Amino acid sequence: MTRADLDKQPHEVAEMFDGVAERYDLTNTVLSFGQDRGWRRATRAALSLRPGERVLDVGAGTGVSTEELGRSGAFAVGADLSTGMLRAGRRARPEVPLVAGDALRLPFADETFDAVTISFALRNVVDVDGALRELGRVTRPGGRLVICEFSHPTNGPFHTVYMQYLMRSLPAVARSVSSNPDAYVYLAESIRAWPDQRGLAARLTGAGPWSRVGWRNLTGGVVALHRATKTSV
């Protein structure tokens with residue numbers, strides 16, 4: 001198995017990411033034309049983290065996003081389903097706490113974190129609504145959620161060019177830099193099948209204990225940050 005299908009079976013997703021782990025960070029930077037660094041900084045800013053708070057980074061991969069969150073002074077811990085990604089992350093960033101964890105069954109007690117985030121990983125979960133509820137379970141009442149995910153460019157001509165890049169150019173570029181270029185065919189297909197900004201906001205509102213849902217676009221809507229607050233009871 002070199003790539004997952006859009007039914008997103010967890011063992012296939014984990015195996016696929018195991019196969020890209022060694023060059024994952026480099027590949028992302030190349031394919032995003034260096035925009036990935038700015039997306040990580042924007043995610044950290046959207047979480048409004050304060051020193052001493054606890055933040056969970058789900059789908060953390062090699063921990064590069066977790067490392068960015070830690071620059072706020074908060075205690076940041078990353079969780080990921082792929083053991084290959086975690087091994088690569090622990091070698092590259094031994095100071096970043098990384099644990100094995102499924103977004104549908106996180107290994108943390110209720111209301112552990114002041115904030116939670118998931119970047120470019122919610123799209124890969126077999127049960128999106130279940131993941132949103134599980135993120136709510138581990139977040140304290142009044143805590144924040146930020147989802148950083150690929151979305152739909154809002155400009156019509158740019159949207160057309162972007163989709164052509166996804167389906168034609170991205171897999172070709174991946175062949176020159178990735179350890180498992182077939183995985184990036186799945187990446188392109190999963191982005192094309194993902195809901196737009198308004199659709200994800202509606203799904204977030206309807207799943208779990210989230211309120212005050214909003215979003216803002218990055219890079220013309222290539223990526224969107226969705227933010228929500230856990231409803232106090």
# chains A, B, ... in the order shown; residues from 1 in each chain; ligands from 1

call {"tool": "select_by_dssp", "arguments": {"residues": "segment 10-206 of chain A", "states": "strand (DSSP E)", "output": "ChimeraX atom specification"}}
result
/A:54-58,75-80,98-100,113-119,139-150

call {"tool": "select_by_dssp", "arguments": {"residues": "segment 23-190 of chain A", "states": "helix (DSSP H, G or I)", "output": "PyMOL selection string"}}
result
chain A and resi 23-31+35-47+64-70+83-92+122-124+128-137+156-177+183-190

call {"tool": "residues_around", "arguments": {"residues": "Pro157 of chain A", "least_positions_apart": "6", "cutoff": "12 Å", "atoms": "only C-alpha atoms", "output": "ChimeraX atom specification"}}
result
/A:163-164,220

call {"tool": "write_last_selection", "arguments": {"atoms": "N, CA, C and O atoms", "output": "PDB file, in the first residue's frame"}}
result
ATOM      1  N   MET A 163      -6.851  24.160  -9.216  1.00  0.00           N
ATOM      2  CA  MET A 163      -7.295  22.779  -9.394  1.00  0.00           C
ATOM      3  C   MET A 163      -6.468  22.064 -10.457  1.00  0.00           C
ATOM      4  O   MET A 163      -6.166  20.868 -10.335  1.00  0.00           O
ATOM      5  N   GLN A 164      -6.078  22.782 -11.496  1.00  0.00           N
ATOM      6  CA  GLN A 164      -5.204  22.185 -12.501  1.00  0.00           C
ATOM      7  C   GLN A 164      -3.843  21.836 -11.902  1.00  0.00           C
ATOM      8  O   GLN A 164      -3.266  20.781 -12.205  1.00  0.00           O
ATOM      9  N   GLY A 220      -5.522  33.339  -0.498  1.00  0.00           N
ATOM     10  CA  GLY A 220      -6.647  33.411  -1.402  1.00  0.00           C
ATOM     11  C   GLY A 220      -7.656  32.290  -1.267  1.00  0.00           C
ATOM     12  O   GLY A 220      -8.455  32.065  -2.178  1.00  0.00           O
TER      13      GLY A 220
END

call {"tool": "atom_distance", "arguments": {"atom1": "atom CA of Tyr186 of chain A", "atom2": "atom CA of Phe17 of chain A"}}
result
11.2 Å

call {"tool": "closest_atom_pairs", "arguments": {"of": "segment 9-82 of chain A", "to": "segment 143-149 of chain A", "cutoff": "10 Å", "atoms": "only C-alpha atoms", "output": "tab-separated table"}}
result
residue	atom	partner	partner_atom	distance
A:Trp39	CA	A:Cys148	CA	7.8
A:Arg40	CA	A:Cys148	CA	8.4
A:Ala42	CA	A:Cys148	CA	9.0
A:Thr43	CA	A:Cys148	CA	6.7
A:Arg44	CA	A:Val146	CA	8.9
A:Ala45	CA	A:Val146	CA	10.0
A:Ala46	CA	A:Val146	CA	7.0
A:Leu47	CA	A:Val146	CA	6.3
A:Ser48	CA	A:Arg144	CA	8.5
A:Leu49	CA	A:Arg144	CA	9.3
A:Val55	CA	A:Arg144	CA	9.3
A:Leu56	CA	A:Leu145	CA	9.7
A:Asp57	CA	A:Val146	CA	9.8
A:Val58	CA	A:Ile147	CA	9.9

call {"tool": "residues_around", "arguments": {"residues": "Phe120 of chain A", "least_positions_apart": "2", "cutoff": "8 Å", "atoms": "only C-alpha atoms", "output": "PyMOL selection string"}}
result
chain A and resi 59+118+122-124+148-150

call {"tool": "closest_residue", "arguments": {"among": "A:Arg137, A:Arg23, A:Arg198, A:Arg216", "to": "Thr112 of chain A", "atoms": "only C-alpha atoms"}}
result
A:Arg137

call {"tool": "residues_around", "arguments": {"residues": "Phe75 of chain A", "least_positions_apart": "4", "cutoff": "10 Å", "atoms": "only C-alpha atoms", "output": "JSON, numbers by chain"}}
result
{"A": [49, 50, 51, 52, 53, 54, 55, 56, 66, 67, 69, 70, 71, 96, 97, 113]}

call {"tool": "write_last_selection", "arguments": {"atoms": "C-alpha atoms", "output": "compact mmCIF listing (two decimals), in the first residue's frame"}}
result
# COMPACT_ATOMS: atom_id res chain seq x y z
CA LEU A 49 -2.17 31.19 23.20
CA ARG A 50 -0.81 32.50 26.46
CA PRO A 51 2.24 31.35 28.42
CA GLY A 52 1.37 28.45 30.71
CA GLU A 53 -1.63 27.28 28.70
CA ARG A 54 -1.82 23.74 27.34
CA VAL A 55 -2.42 23.18 23.62
CA LEU A 56 -2.86 19.92 21.74
CA THR A 66 3.84 21.67 17.45
CA GLU A 67 7.22 23.38 17.63
CA LEU A 69 2.87 26.49 18.78
CA GLY A 70 5.44 26.21 21.57
CA ARG A 71 6.92 29.56 20.53
CA VAL A 96 8.98 18.53 21.27
CA PRO A 97 6.53 16.20 23.11
CA PHE A 113 -6.37 21.42 27.14

call {"tool": "residues_around", "arguments": {"residues": "Asp25 of chain A", "least_positions_apart": "4", "cutoff": "9 Å", "atoms": "only C-alpha atoms", "output": "ChimeraX atom specification"}}
result
/A:21,29-30,62,64

call {"tool": "residues_around", "arguments": {"residues": "Ala172 of chain A", "least_positions_apart": "6", "cutoff": "10 Å", "atoms": "only C-alpha atoms", "output": "PyMOL selection string"}}
result
chain A and resi 165-166+181-182+184-185

call {"tool": "write_last_selection", "arguments": {"atoms": "all heavy atoms", "output": "compact mmCIF listing (two decimals), in the first residue's frame"}}
result
# COMPACT_ATOMS: atom_id res chain seq x y z
N TYR A 165 -3.33 22.72 -11.04
CA TYR A 165 -2.07 22.44 -10.36
C TYR A 165 -2.19 21.20 -9.49
O TYR A 165 -1.31 20.32 -9.51
CB TYR A 165 -1.66 23.64 -9.51
CG TYR A 165 -0.52 23.35 -8.54
CD1 TYR A 165 0.77 23.14 -9.02
CD2 TYR A 165 -0.74 23.27 -7.16
CE1 TYR A 165 1.82 22.86 -8.15
CE2 TYR A 165 0.30 23.00 -6.29
CZ TYR A 165 1.57 22.79 -6.78
OH TYR A 165 2.60 22.50 -5.92
N LEU A 166 -3.29 21.11 -8.73
CA LEU A 166 -3.49 19.96 -7.85
C LEU A 166 -3.47 18.65 -8.62
O LEU A 166 -2.78 17.70 -8.24
CB LEU A 166 -4.82 20.08 -7.11
CG LEU A 166 -4.89 20.95 -5.87
CD1 LEU A 166 -6.31 20.86 -5.28
CD2 LEU A 166 -3.87 20.51 -4.83
N PRO A 181 5.77 9.46 -3.87
CA PRO A 181 5.00 10.44 -4.64
C PRO A 181 3.55 10.02 -4.89
O PRO A 181 2.69 10.89 -5.07
CB PRO A 181 5.78 10.54 -5.95
CG PRO A 181 6.63 9.33 -6.02
CD PRO A 181 6.95 8.97 -4.61
N ASP A 182 3.25 8.72 -4.90
CA ASP A 182 1.87 8.29 -5.12
C ASP A 182 0.93 8.81 -4.03
O ASP A 182 -0.27 8.99 -4.26
CB ASP A 182 1.78 6.77 -5.19
CG ASP A 182 2.34 6.21 -6.48
OD1 ASP A 182 2.49 6.98 -7.44
OD2 ASP A 182 2.62 5.00 -6.53
N TYR A 184 0.77 11.68 -2.96
CA TYR A 184 0.33 13.03 -3.28
C TYR A 184 -0.78 13.04 -4.33
O TYR A 184 -1.42 14.06 -4.55
CB TYR A 184 1.53 13.89 -3.67
CG TYR A 184 2.36 14.17 -2.43
CD1 TYR A 184 3.34 13.28 -2.01
CD2 TYR A 184 2.10 15.27 -1.64
CE1 TYR A 184 4.05 13.49 -0.84
CE2 TYR A 184 2.81 15.51 -0.48
CZ TYR A 184 3.78 14.60 -0.08
OH TYR A 184 4.47 14.81 1.09
N VAL A 185 -1.02 11.90 -4.99
CA VAL A 185 -2.22 11.76 -5.79
C VAL A 185 -3.44 11.75 -4.86
O VAL A 185 -4.44 12.42 -5.11
CB VAL A 185 -2.17 10.48 -6.63
CG1 VAL A 185 -3.48 10.30 -7.42
CG2 VAL A 185 -0.98 10.51 -7.58

call {"tool": "closest_residue", "arguments": {"among": "A:Leu200, A:Arg41, A:Val99, A:Val13", "to": "Ser72 of chain A", "atoms": "only C-alpha atoms"}}
result
A:Arg41

call {"tool": "atom_distance", "arguments": {"atom1": "atom CA of Arg90 of chain A", "atom2": "atom CA of Asp18 of chain A"}}
result
13.8 Å

call {"tool": "closest_residue", "arguments": {"among": "A:Ala207, A:Leu31, A:Ala224, A:Leu98", "to": "His152 of chain A", "atoms": "only C-alpha atoms"}}
result
A:Ala224

call {"tool": "atom_distance", "arguments": {"atom1": "atom CA of Gly101 of chain A", "atom2": "atom CA of Gly214 of chain A"}}
result
26.9 Å

call {"tool": "closest_residue", "arguments": {"among": "A:Glu95, A:Asp102, A:Glu189, A:Asp127", "to": "Thr83 of chain A", "atoms": "only C-alpha atoms"}}
result
A:Asp102

call {"tool": "closest_residue", "arguments": {"among": "A:Tyr24, A:Glu134, A:Arg93, A:Ser119", "to": "Arg105 of chain A", "atoms": "only C-alpha atoms"}}
result
A:Glu134

call {"tool": "closest_residue", "arguments": {"among": "A:Arg168, A:Arg140, A:His11, A:Arg87", "to": "Thr229 of chain A", "atoms": "only C-alpha atoms"}}
result
A:Arg140
